[in-house]
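First the structure, in the form of structure tokens, and then the observations on it.
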Amino acid sequence: MPYIIDIEPEWSFAIDRIVAANTTPKEYQKPSQQSSSLIQILEQTQREIGYLPENVQAYLADKLNIPLSEIYGVTTFYSLFSTEPVGKHLISVCMGTACYVKGAGEIFAEFERRLNIKAGQTTEDRLFTLDACRCLGACGLAPVLTIDDQVYGRLTPSDVPDLLVPYGREASKKNKKIHILNTES
Amino acid sequence: MKIKTLSDLNQIKKQSVEAAAKRDINHILTVNVHQGTCGAANGANEIYDVMVRQGETAHTHIIQTGCPGMCHNEPLISVTQPGSPPSVYGHVTPEKALAILDSHLKHHAPVAEWLINRNPTDIYMHQHRITLANCGVIDPERIEEYIALDGYFALAKVLLEMQPLDVINELKSSGLRGRGGGGFPTGQKWEFTHTAPGTQKYVVCNADEGDPGAFMDRSILEGDPHRLIEAMAIAGYAVGANQGYIYIRAEYPLALERLKKAIHQAQKTGLLGDNILGSGFTFHLDIRLGAGAFVCGEETALIHSIEGKRGEPRQRPPFPAASGLWGKPTLINNVETYANVPTIIRQGASWFSSIGTEKSKGTKVFALAGKIKNIGLIEVPMGTTLRTIIEDIGGGIPDGKRYKAAQTGGPSGGCIPTDMLDIAIDYDNLLAVGSMMGSGGLIVMDEDNCMVDIARFFLEFTQDESCGKCTPCRIGTKRMLEILDKITSGQGEADDIQQLESLATTIKSASICGLGQTAPNPVLSTLKYFRSEYEAHIYAKQCPAHACQNMLSYSIITDKCTGCSACARVCPNTAISGKAKEPYSIDQNLCVKCGMCMEKCKFDAIELL
């Protein structure tokens, strides 16, 4: 019996495009190497759709001719992939050693308190997802965090309320200058 | 243009060298804007744009380069006037950059007060840059600049003058050891892959730099990507592989982009692909993306990940040299190891082995971070003492604090206390003091850091990153973390230390891969050198460094409090109350111990107990 996967049409178009771009005819010739680009495909799919829900995984399994169990195994193994929808803005606090010894833990705790969520969770209004991330390699700016693609560095816990303002959280009573570090070029 | 022969390569070098000479004759100013990830995050891209828009004239030559390793001064630019050494400027803004340009152009003089290389403790003084030689010097996105500095000439020499075994012997006698952690002799690894039976072999580069606090591989990839491509092609020729893979972590978008551009350029010019330099040797290179799993730094796990599977390690033997990617013989080295290869081939094994100590040859790159003044990326000869690195190159501990420990080897390493500052750093000395080289993260800690908390931090990391395949690592690290959580929250019991030691021994001896086998090291080394801190937590219920949040309480010193209310206003949980101009007080039941009041108080009226 044919297995019909319930998936949004715009998602399936996006996935078709990603799969086509990542599977070269050369790889079809060697079946052993066919799954080699799976992680790349998952990464690009997540960038397009935002997360990797079950129907997306099932659709990919069908497209790539890889068992769904294997795709599920890979998706849940790597911290880059999420099976849950994430908030509009992703806050990633670097928990590398250099940031940790300079107080990243306190900054993270302050976010948890302010947003009333724990690591990996999303606020009820779906505005923020809070994550501790692995070393960003920008140890010279420690402690560092990113909100979406913006990098903020040399922070203290009292910067936290002001950091949230540009992303739609109410301003605190007294606005303080925050260190916005990178400027999009 | 296509580079089909050695004379084509010479021609490109000649053109670039001539262009540089022409700039010198015409007194053209060369400006390097250092745009690594940390430079860019500090506004270097904007500086570059402004300079190109407003400062690009017939008298200036403005290029983008990688990181020169002085992260604490970002964003950086270097200005070179023909005939004089470069002037390096730190904390540059677009306005400052234009003023600097103006001063050099009009007055032929640097802006003295903004210079950073006037400092007597010049951070390059004790350094020897081999792998980082081109970082911050060349434009990483232009292959010609790499060729101008003898790039791809090592590949030419290997392909046209040497047999694969000659290359391997050269590496063996250079004494180069793997820079990714274990320190296995590189030449021997190449030989194993070379002699392994099979026609299809692979060359892999581990660029999944996972050690928190280490960023040398990122810097090489961002500042000098062609060096890696050249080295991998050399490796391909030596072991008999014509396909290579670079496994790079997704957290490094700029490195990935520069690497892709570099591969594309090398393919376009013919330095990658079929019949390189007319030698008949073919080599292709592809990128595979890591997706955030620390364990994939382990070579068998990395292989599984490239194959598109879960990145779990497996038992060795067979080693990848015999059975690696898709079961074929595979050579795996990390970025820094490869980065040494072109220079060794060009300058010879005996030159390389003259640098360093008896058993550790050459140099090592360290990412100096934590509580240290000159945060940055340094490359020093093996055998340099920890004191030289911390005091002379690093400039010591900021804010007048006291040095407590240096942590090397990341989550697999250990802490080195004050009385061992004079050890000469090489593979064996670090192992002897209970730490390890690792990939080269060197995090400095001061008196405010609690060593039990640091041990807990690393255990939390390894426990989280444990892939779960083998029981000692999966369950053992969890149990150790629980004990450390207990100790750092003031619930420690008398036999906890003994329990930790017994678990550590089991995990070290029974885990499948390097992650588990080294995971207890941070605990063991802090137990060895800072046992009294553990005991203070357990018996006196005190954290001597005042770092463990659950063991401390904030209180207001009534004599010093002026009643300004700054603390009450910043408190997120309204735990502080009082009348204006009278001493305030903190309700310990409401206090969440965030420390924001202490940070805010201008009168030092809040203390930690």
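By convention here, the chains of the structure tokens are called A, B, ... in the order presented, each chain's residues are numbered starting at 1, and ligands are numbered starting at 1 in the order presented.
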Chain A residues near chain B (8 Å cut-off, only C-alpha atoms) as an NGL selection string: :A and (32-33 or 35-40 or 43 or 70 or 73-74 or 77-81 or 95-99 or 101-102 or 106 or 109-110 or 134-142 or 151 or 157-158 or 181-185)
Quick one: write out the picked residues with N, CA and C atoms as a tab-separated table (two decimals), in the first residue's frame?
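This went into result_8.tsv:
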```tsv
chain	number	residue	atom	x	y	z
A	32	SER	N	26.93	2.75	-1.36
A	32	SER	CA	27.50	2.87	-0.02
A	32	SER	C	27.68	4.33	0.37
A	33	GLN	N	27.82	5.18	-0.65
A	33	GLN	CA	28.10	6.58	-0.34
A	33	GLN	C	26.86	7.45	-0.41
A	35	SER	N	24.24	7.91	1.51
A	35	SER	CA	23.75	8.64	2.68
A	35	SER	C	24.74	9.71	3.14
A	36	SER	N	25.88	9.78	2.46
A	36	SER	CA	26.95	10.67	2.90
A	36	SER	C	26.54	12.12	3.05
A	37	SER	N	25.62	12.60	2.19
A	37	SER	CA	25.26	14.01	2.25
A	37	SER	C	24.02	14.25	3.13
A	38	LEU	N	23.60	13.22	3.87
A	38	LEU	CA	22.39	13.34	4.68
A	38	LEU	C	22.45	14.51	5.66
A	39	ILE	N	23.60	14.67	6.33
A	39	ILE	CA	23.70	15.73	7.34
A	39	ILE	C	23.58	17.10	6.68
A	40	GLN	N	24.19	17.24	5.51
A	40	GLN	CA	24.07	18.51	4.78
A	40	GLN	C	22.62	18.78	4.39
A	43	GLU	N	20.67	19.81	7.39
A	43	GLU	CA	21.04	21.15	7.83
A	43	GLU	C	20.34	22.20	6.95
A	70	GLU	N	16.64	5.58	10.56
A	70	GLU	CA	18.01	6.06	10.46
A	70	GLU	C	18.04	7.60	10.45
A	73	GLY	N	17.39	8.76	13.86
A	73	GLY	CA	18.59	8.56	14.67
A	73	GLY	C	19.60	9.68	14.49
A	74	VAL	N	19.79	10.08	13.25
A	74	VAL	CA	20.76	11.14	12.96
A	74	VAL	C	20.23	12.48	13.48
A	77	PHE	N	20.63	12.77	17.15
A	77	PHE	CA	22.00	12.63	17.66
A	77	PHE	C	22.71	13.98	17.72
A	78	TYR	N	22.54	14.79	16.70
A	78	TYR	CA	23.32	16.03	16.59
A	78	TYR	C	22.58	17.22	17.19
A	79	SER	N	23.33	18.01	17.95
A	79	SER	CA	22.68	19.12	18.66
A	79	SER	C	22.22	20.23	17.73
A	80	LEU	N	22.72	20.22	16.50
A	80	LEU	CA	22.32	21.25	15.54
A	80	LEU	C	20.84	21.12	15.16
A	81	PHE	N	20.33	19.89	15.21
A	81	PHE	CA	18.97	19.65	14.71
A	81	PHE	C	17.93	19.72	15.81
A	95	MET	N	28.85	28.56	26.02
A	95	MET	CA	29.25	27.92	27.27
A	95	MET	C	30.63	27.29	27.12
A	96	GLY	N	31.45	27.91	26.30
A	96	GLY	CA	32.84	27.47	26.22
A	96	GLY	C	33.56	27.83	27.52
A	97	THR	N	34.73	27.24	27.73
A	97	THR	CA	35.43	27.45	29.00
A	97	THR	C	35.75	28.92	29.25
A	98	ALA	N	36.25	29.61	28.21
A	98	ALA	CA	36.65	31.01	28.40
A	98	ALA	C	35.45	31.85	28.81
A	99	CYS	N	34.30	31.59	28.21
A	99	CYS	CA	33.09	32.35	28.57
A	99	CYS	C	32.63	31.95	29.96
A	101	VAL	N	34.40	30.84	32.57
A	101	VAL	CA	35.19	31.41	33.68
A	101	VAL	C	34.96	32.92	33.78
A	102	LYS	N	34.41	33.52	32.74
A	102	LYS	CA	34.12	34.94	32.81
A	102	LYS	C	32.64	35.22	33.07
A	106	GLU	N	26.21	32.86	34.88
A	106	GLU	CA	25.31	33.83	35.53
A	106	GLU	C	24.44	34.53	34.49
A	109	ALA	N	21.72	32.13	33.59
A	109	ALA	CA	20.72	32.06	34.66
A	109	ALA	C	19.81	33.30	34.63
A	110	GLU	N	20.38	34.42	34.30
A	110	GLU	CA	19.59	35.66	34.24
A	110	GLU	C	18.56	35.59	33.10
A	134	ARG	N	27.80	25.48	22.10
A	134	ARG	CA	29.20	25.13	22.26
A	134	ARG	C	30.06	26.31	21.84
A	135	CYS	N	31.33	26.22	22.18
A	135	CYS	CA	32.26	27.34	21.98
A	135	CYS	C	32.13	27.95	20.58
A	136	LEU	N	31.93	29.27	20.55
A	136	LEU	CA	31.81	29.97	19.27
A	136	LEU	C	33.18	30.36	18.73
A	137	GLY	N	34.21	30.11	19.53
A	137	GLY	CA	35.57	30.43	19.08
A	137	GLY	C	35.87	31.92	19.08
A	138	ALA	N	35.05	32.71	19.76
A	138	ALA	CA	35.30	34.15	19.85
A	138	ALA	C	35.68	34.47	21.29
A	139	CYS	N	36.65	33.70	21.80
A	139	CYS	CA	36.99	33.75	23.22
A	139	CYS	C	37.52	35.12	23.66
A	140	GLY	N	38.01	35.90	22.70
A	140	GLY	CA	38.51	37.22	23.03
A	140	GLY	C	37.41	38.17	23.49
A	141	LEU	N	36.16	37.83	23.15
A	141	LEU	CA	35.04	38.69	23.51
A	141	LEU	C	34.27	38.14	24.70
A	142	ALA	N	34.79	37.12	25.35
A	142	ALA	CA	34.05	36.40	26.39
A	142	ALA	C	33.56	37.34	27.49
A	151	VAL	N	26.10	39.13	17.13
A	151	VAL	CA	26.99	38.70	18.21
A	151	VAL	C	27.11	39.80	19.26
A	157	PRO	N	25.52	40.13	33.74
A	157	PRO	CA	24.10	39.80	33.87
A	157	PRO	C	23.19	41.03	33.77
A	158	SER	N	23.66	42.20	34.18
A	158	SER	CA	22.76	43.35	34.15
A	158	SER	C	22.51	43.86	32.73
A	181	LEU	N	28.08	44.26	18.81
A	181	LEU	CA	29.43	44.18	18.27
A	181	LEU	C	29.51	44.08	16.76
A	182	ASN	N	28.69	43.22	16.18
A	182	ASN	CA	28.90	43.14	14.74
A	182	ASN	C	27.86	43.95	14.00
A	183	THR	N	28.27	44.50	12.91
A	183	THR	CA	27.34	45.26	12.10
A	183	THR	C	27.30	44.56	10.76
A	184	GLU	N	26.08	44.31	10.32
A	184	GLU	CA	25.95	43.62	9.05
A	184	GLU	C	26.57	44.48	7.95
A	185	SER	N	27.36	43.85	7.09
A	185	SER	CA	27.95	44.64	6.02
A	185	SER	C	27.23	44.32	4.71
```
Residue neighbourhood Met480 in chain B, 8 Å, only C-alpha atoms, exclusion window fewer than 5 positions, as JSON, numbers by chain: {"B": [459, 500, 503, 504]}
Selected residues written out, all heavy atoms, as a tab-separated table (two decimals), in the first residue's frame:
```
chain	number	residue	atom	x	y	z
B	459	LEU	N	32.70	18.23	33.53
B	459	LEU	CA	31.94	16.99	33.61
B	459	LEU	C	30.56	17.16	32.98
B	459	LEU	O	30.04	16.28	32.30
B	459	LEU	CB	31.81	16.55	35.07
B	459	LEU	CG	32.47	15.23	35.42
B	459	LEU	CD1	31.73	14.09	34.75
B	459	LEU	CD2	33.93	15.18	34.98
B	500	LEU	N	34.21	9.62	43.85
B	500	LEU	CA	34.64	10.25	42.60
B	500	LEU	C	35.88	9.55	42.05
B	500	LEU	O	35.96	9.25	40.86
B	500	LEU	CB	34.98	11.73	42.83
B	500	LEU	CG	33.82	12.73	42.89
B	500	LEU	CD1	34.35	14.13	43.23
B	500	LEU	CD2	33.06	12.78	41.57
B	503	LEU	N	34.96	6.05	40.66
B	503	LEU	CA	34.28	6.14	39.37
B	503	LEU	C	35.24	6.54	38.26
B	503	LEU	O	35.21	5.99	37.15
B	503	LEU	CB	33.16	7.19	39.45
B	503	LEU	CG	31.83	6.77	40.07
B	503	LEU	CD1	30.99	7.98	40.43
B	503	LEU	CD2	31.07	5.87	39.12
B	504	ALA	N	36.13	7.50	38.59
B	504	ALA	CA	37.08	8.00	37.59
B	504	ALA	C	37.95	6.86	37.05
B	504	ALA	O	38.16	6.74	35.84
B	504	ALA	CB	37.94	9.10	38.19
```
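Within range 296-398 of chain B, the backbone-based DSSP assignment of alpha helix (DSSP H) covers Glu299, Thr300, Ala301, Leu302, Ile303, His304, Ser305, Ile306, Val335, Glu336, Thr337, Tyr338, Ala339, Asn340, Val341, Pro342, Thr343, Ile344, Ile345, Arg346, Gln347, Ala349, Ser350, Trp351, Phe352, Ser353, Leu386 and Arg387 of chain B.
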Output file for the residues above (N, CA, C and O atoms, as a short mmCIF file (atom, residue, chain, number, x, y, z; two decimals), in the first residue's frame):
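Contents of the output file again_1.cif:
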```cif
data_model
loop_
_atom_site.label_atom_id
_atom_site.label_comp_id
_atom_site.auth_asym_id
_atom_site.auth_seq_id
_atom_site.Cartn_x
_atom_site.Cartn_y
_atom_site.Cartn_z
N GLU B 299 38.26 9.84 15.87
CA GLU B 299 38.32 9.55 14.44
C GLU B 299 37.31 8.53 13.92
O GLU B 299 36.78 8.71 12.83
N THR B 300 36.98 7.51 14.71
CA THR B 300 36.00 6.55 14.19
C THR B 300 34.60 7.15 14.17
O THR B 300 33.79 6.87 13.29
N ALA B 301 34.31 8.03 15.16
CA ALA B 301 33.01 8.71 15.18
C ALA B 301 32.92 9.68 14.01
O ALA B 301 31.88 9.79 13.36
N LEU B 302 34.04 10.35 13.74
CA LEU B 302 34.08 11.30 12.62
C LEU B 302 33.79 10.59 11.30
O LEU B 302 33.05 11.09 10.45
N ILE B 303 34.36 9.39 11.15
CA ILE B 303 34.12 8.62 9.93
C ILE B 303 32.63 8.31 9.78
O ILE B 303 32.04 8.50 8.72
N HIS B 304 32.01 7.87 10.87
CA HIS B 304 30.57 7.58 10.80
C HIS B 304 29.79 8.82 10.42
O HIS B 304 28.81 8.75 9.67
N SER B 305 30.21 9.96 10.94
CA SER B 305 29.49 11.20 10.65
C SER B 305 29.62 11.59 9.18
O SER B 305 28.66 12.02 8.56
N ILE B 306 30.83 11.42 8.62
CA ILE B 306 31.01 11.73 7.19
C ILE B 306 30.15 10.79 6.35
O ILE B 306 29.59 11.19 5.33
N VAL B 335 43.55 20.06 11.47
CA VAL B 335 43.96 21.21 10.66
C VAL B 335 45.39 21.65 10.96
O VAL B 335 46.20 21.83 10.06
N GLU B 336 45.69 21.79 12.25
CA GLU B 336 47.01 22.31 12.61
C GLU B 336 48.13 21.36 12.18
O GLU B 336 49.20 21.78 11.77
N THR B 337 47.88 20.05 12.30
CA THR B 337 48.87 19.07 11.88
C THR B 337 49.17 19.25 10.39
O THR B 337 50.34 19.35 9.98
N TYR B 338 48.11 19.28 9.58
CA TYR B 338 48.31 19.47 8.13
C TYR B 338 49.02 20.79 7.85
O TYR B 338 49.87 20.87 6.96
N ALA B 339 48.68 21.82 8.62
CA ALA B 339 49.22 23.16 8.33
C ALA B 339 50.74 23.20 8.46
O ALA B 339 51.39 24.06 7.88
N ASN B 340 51.32 22.26 9.21
CA ASN B 340 52.78 22.19 9.34
C ASN B 340 53.45 21.59 8.10
O ASN B 340 54.62 21.85 7.84
N VAL B 341 52.68 20.76 7.36
CA VAL B 341 53.30 19.92 6.32
C VAL B 341 53.96 20.72 5.19
O VAL B 341 55.13 20.46 4.88
N PRO B 342 53.27 21.70 4.57
CA PRO B 342 53.94 22.40 3.45
C PRO B 342 55.27 23.02 3.86
O PRO B 342 56.25 22.95 3.11
N THR B 343 55.33 23.60 5.06
CA THR B 343 56.57 24.24 5.50
C THR B 343 57.66 23.19 5.74
O THR B 343 58.83 23.42 5.41
N ILE B 344 57.29 22.04 6.29
CA ILE B 344 58.28 20.98 6.51
C ILE B 344 58.86 20.52 5.17
O ILE B 344 60.08 20.35 5.02
N ILE B 345 58.00 20.35 4.17
CA ILE B 345 58.48 19.89 2.86
C ILE B 345 59.42 20.94 2.25
O ILE B 345 60.47 20.61 1.69
N ARG B 346 59.04 22.22 2.37
CA ARG B 346 59.85 23.27 1.75
C ARG B 346 61.18 23.49 2.47
O ARG B 346 62.21 23.65 1.86
N GLN B 347 61.11 23.49 3.81
CA GLN B 347 62.32 23.85 4.56
C GLN B 347 63.10 22.65 5.08
O GLN B 347 64.20 22.82 5.62
N ALA B 349 63.12 18.46 6.91
CA ALA B 349 62.85 17.85 8.21
C ALA B 349 63.84 18.30 9.27
O ALA B 349 63.49 18.49 10.43
N SER B 350 65.09 18.51 8.87
CA SER B 350 66.08 18.83 9.90
C SER B 350 65.88 20.24 10.44
O SER B 350 66.11 20.51 11.62
N TRP B 351 65.42 21.14 9.56
CA TRP B 351 65.08 22.49 10.04
C TRP B 351 63.96 22.39 11.08
O TRP B 351 64.05 22.97 12.16
N PHE B 352 62.91 21.60 10.75
CA PHE B 352 61.76 21.51 11.65
C PHE B 352 62.14 20.88 12.98
O PHE B 352 61.76 21.34 14.04
N SER B 353 62.97 19.81 12.90
CA SER B 353 63.27 19.10 14.13
C SER B 353 64.29 19.85 15.00
O SER B 353 64.56 19.47 16.13
N LEU B 386 55.28 27.65 30.77
CA LEU B 386 53.95 28.20 31.01
C LEU B 386 54.06 29.65 31.50
O LEU B 386 53.26 30.51 31.17
N ARG B 387 55.12 29.91 32.28
CA ARG B 387 55.31 31.26 32.81
C ARG B 387 55.54 32.28 31.67
O ARG B 387 54.96 33.36 31.67
#
```
Which of A:Asp6, A:Asp62, A:Asp131, A:Asp149 sits closest to Phe111 in chain A [using only C-alpha atoms]: A:Asp131
Residues near Lys579 in chain B, cut-off 9 Å, only C-alpha atoms, skip fewer than 3 positions along chain, as a compact mmCIF listing (two decimals) with N, CA and C atoms, in the first residue's frame:
```
# COMPACT_ATOMS: atom_id res chain seq x y z
N GLY B 563 22.31 54.17 51.08
CA GLY B 563 20.86 54.22 50.83
C GLY B 563 20.51 54.82 49.49
N SER B 565 19.69 53.24 46.80
CA SER B 565 18.64 52.40 46.20
C SER B 565 19.02 51.78 44.85
N GLU B 582 19.03 55.53 54.01
CA GLU B 582 19.32 54.68 55.18
C GLU B 582 19.79 53.33 54.66
N PRO B 583 20.55 52.58 55.45
CA PRO B 583 21.04 51.29 54.94
C PRO B 583 19.90 50.37 54.51
N TYR B 584 20.08 49.72 53.36
CA TYR B 584 19.09 48.77 52.84
C TYR B 584 19.39 47.38 53.41
```
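Distance-wise, CA of Leu421 in chain B and CA of Gly400 in chain B end up 18.0 Å apart.
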So that I can see what lies close to Ala21 in chain A, please list as an mmCIF file with N, CA, C and O atoms, in the first residue's frame the residues with an atom at most 9 Å from it, counting only C-alpha atoms and leaving out residues fewer than 4 positions away in the same chain.
```cif
data_model
loop_
_atom_site.group_PDB
_atom_site.id
_atom_site.type_symbol
_atom_site.label_atom_id
_atom_site.label_comp_id
_atom_site.auth_asym_id
_atom_site.auth_seq_id
_atom_site.Cartn_x
_atom_site.Cartn_y
_atom_site.Cartn_z
ATOM 1 N N ASP A 16 12.610 19.044 -2.097
ATOM 2 C CA ASP A 16 12.963 18.495 -3.413
ATOM 3 C C ASP A 16 14.176 19.226 -3.987
ATOM 4 O O ASP A 16 15.100 18.617 -4.514
ATOM 5 N N ARG A 17 14.148 20.550 -3.824
ATOM 6 C CA ARG A 17 15.233 21.364 -4.354
ATOM 7 C C ARG A 17 16.556 21.048 -3.636
ATOM 8 O O ARG A 17 17.595 20.865 -4.261
ATOM 9 N N ILE A 41 21.950 17.743 3.923
ATOM 10 C CA ILE A 41 20.550 17.910 3.511
ATOM 11 C C ILE A 41 19.694 18.304 4.710
ATOM 12 O O ILE A 41 18.859 19.209 4.632
#
```
Among range 7-175 of chain A, which residues does DSSP mark as strand (DSSP E) when it is run on the backbone? Keep the chain and numbering as in the structure and answer as a short mmCIF file (atom, residue, chain, number, x, y, z; two decimals) with N, CA and C atoms, in the first residue's frame.
```
data_model
loop_
_atom_site.label_atom_id
_atom_site.label_comp_id
_atom_site.auth_asym_id
_atom_site.auth_seq_id
_atom_site.Cartn_x
_atom_site.Cartn_y
_atom_site.Cartn_z
N HIS A 89 13.17 34.40 17.81
CA HIS A 89 14.57 34.74 18.00
C HIS A 89 15.27 33.67 18.83
N LEU A 90 16.44 33.26 18.37
CA LEU A 90 17.19 32.24 19.08
C LEU A 90 18.34 32.88 19.85
N ILE A 91 18.30 32.71 21.17
CA ILE A 91 19.38 33.23 22.01
C ILE A 91 20.33 32.07 22.30
N SER A 92 21.57 32.17 21.85
CA SER A 92 22.55 31.12 22.14
C SER A 92 23.64 31.70 23.02
N VAL A 93 23.72 31.25 24.25
CA VAL A 93 24.75 31.74 25.15
C VAL A 93 25.92 30.76 25.07
N CYS A 94 27.09 31.28 24.72
CA CYS A 94 28.27 30.42 24.58
C CYS A 94 28.68 29.87 25.94
N PHE A 128 11.12 33.94 21.98
CA PHE A 128 12.51 33.57 22.23
C PHE A 128 12.67 32.07 22.50
N THR A 129 13.76 31.51 21.96
CA THR A 129 14.21 30.19 22.38
C THR A 129 15.58 30.41 23.01
N LEU A 130 15.79 29.77 24.15
CA LEU A 130 17.05 29.96 24.88
C LEU A 130 17.88 28.69 24.80
N ASP A 131 19.13 28.85 24.39
CA ASP A 131 19.99 27.69 24.25
C ASP A 131 21.39 27.99 24.77
N ALA A 132 22.03 26.98 25.32
CA ALA A 132 23.45 27.10 25.63
C ALA A 132 24.16 26.48 24.45
N CYS A 133 25.11 27.17 23.86
CA CYS A 133 25.74 26.59 22.69
C CYS A 133 27.20 26.26 22.99
N LEU A 145 27.42 35.90 23.43
CA LEU A 145 26.20 35.21 23.05
C LEU A 145 25.76 35.71 21.70
N THR A 146 24.89 34.93 21.04
CA THR A 146 24.31 35.42 19.79
C THR A 146 22.80 35.43 19.95
N ILE A 147 22.18 36.46 19.41
CA ILE A 147 20.73 36.46 19.25
C ILE A 147 20.52 36.50 17.74
N GLN A 150 23.27 38.11 15.32
CA GLN A 150 23.97 39.23 15.95
C GLN A 150 24.83 38.72 17.11
N VAL A 151 26.10 39.13 17.13
CA VAL A 151 26.99 38.70 18.21
C VAL A 151 27.11 39.80 19.26
N TYR A 152 26.94 39.43 20.52
CA TYR A 152 27.14 40.37 21.60
C TYR A 152 28.25 39.83 22.49
#
```
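Restricting the calculation to only C-alpha atoms, the smallest distance between Ile5 in chain A and any of A:Glu124, A:Asp148, A:Glu112, A:Glu54 is found for A:Glu54.
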Separation of CA of Leu60 in chain A from CA of Ser12 in chain A in Å: 9.1 Å
Selection near Gly90 in chain B, 8 Å with only C-alpha atoms, sequence-local residues under 4 positions removed, as an MDAnalysis selection string: chainID B and resid 73:77 114:116
Kindly export the residues of the current selection with N, CA, C and O atoms, as a PDB file, in the first residue's frame.
```pdb
ATOM      1  N   ASN B  73      42.553  43.157  21.237  1.00  0.00           N
ATOM      2  CA  ASN B  73      42.610  44.499  20.668  1.00  0.00           C
ATOM      3  C   ASN B  73      41.687  44.692  19.474  1.00  0.00           C
ATOM      4  O   ASN B  73      41.750  45.703  18.810  1.00  0.00           O
ATOM      5  N   GLU B  74      40.851  43.694  19.183  1.00  0.00           N
ATOM      6  CA  GLU B  74      39.985  43.779  18.004  1.00  0.00           C
ATOM      7  C   GLU B  74      39.088  45.009  18.085  1.00  0.00           C
ATOM      8  O   GLU B  74      38.700  45.391  19.185  1.00  0.00           O
ATOM      9  N   PRO B  75      38.719  45.559  16.939  1.00  0.00           N
ATOM     10  CA  PRO B  75      39.191  45.260  15.590  1.00  0.00           C
ATOM     11  C   PRO B  75      40.556  45.878  15.301  1.00  0.00           C
ATOM     12  O   PRO B  75      40.885  46.920  15.827  1.00  0.00           O
ATOM     13  N   LEU B  76      41.305  45.170  14.454  1.00  0.00           N
ATOM     14  CA  LEU B  76      42.699  45.542  14.187  1.00  0.00           C
ATOM     15  C   LEU B  76      42.927  45.899  12.724  1.00  0.00           C
ATOM     16  O   LEU B  76      42.310  45.306  11.840  1.00  0.00           O
ATOM     17  N   ILE B  77      43.832  46.841  12.484  1.00  0.00           N
ATOM     18  CA  ILE B  77      44.347  47.030  11.132  1.00  0.00           C
ATOM     19  C   ILE B  77      45.870  47.165  11.206  1.00  0.00           C
ATOM     20  O   ILE B  77      46.399  47.587  12.224  1.00  0.00           O
ATOM     21  N   TRP B 114      47.685  55.400  19.044  1.00  0.00           N
ATOM     22  CA  TRP B 114      46.795  54.272  18.781  1.00  0.00           C
ATOM     23  C   TRP B 114      47.542  52.987  18.430  1.00  0.00           C
ATOM     24  O   TRP B 114      46.946  51.950  18.190  1.00  0.00           O
ATOM     25  N   LEU B 115      48.856  53.065  18.326  1.00  0.00           N
ATOM     26  CA  LEU B 115      49.643  51.887  17.954  1.00  0.00           C
ATOM     27  C   LEU B 115      49.607  50.858  19.080  1.00  0.00           C
ATOM     28  O   LEU B 115      49.600  51.224  20.250  1.00  0.00           O
ATOM     29  N   ILE B 116      49.591  49.590  18.714  1.00  0.00           N
ATOM     30  CA  ILE B 116      49.711  48.602  19.781  1.00  0.00           C
ATOM     31  C   ILE B 116      51.024  47.854  19.732  1.00  0.00           C
ATOM     32  O   ILE B 116      51.400  47.191  20.682  1.00  0.00           O
TER      33      ILE B 116
END
```
Spatial neighbours of Gly168 in chain A, max dist 12 Å, only C-alpha atoms, sep filter under 6 positions, as an NGL selection string: :A and (88-89 or 125-128 or 161-162)
Nearest to Ala266 in chain B, chosen from B:Gly151, B:Gly395, B:Gly180, B:Gly324, with only C-alpha atoms counted in the distances: B:Gly151
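Note that CA of Thr408 in chain B and CA of Glu391 in chain B are 16.3 Å apart.
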Residue contacts of range 230-234 of chain B (10 Å, only C-alpha atoms) excluding same-chain residues fewer than 5 positions away, as an MDAnalysis selection string: chainID B and resid 151:159 164 167 203:205 225 239:246 266 271:273 276 281:285 331 333 335 337:343 345
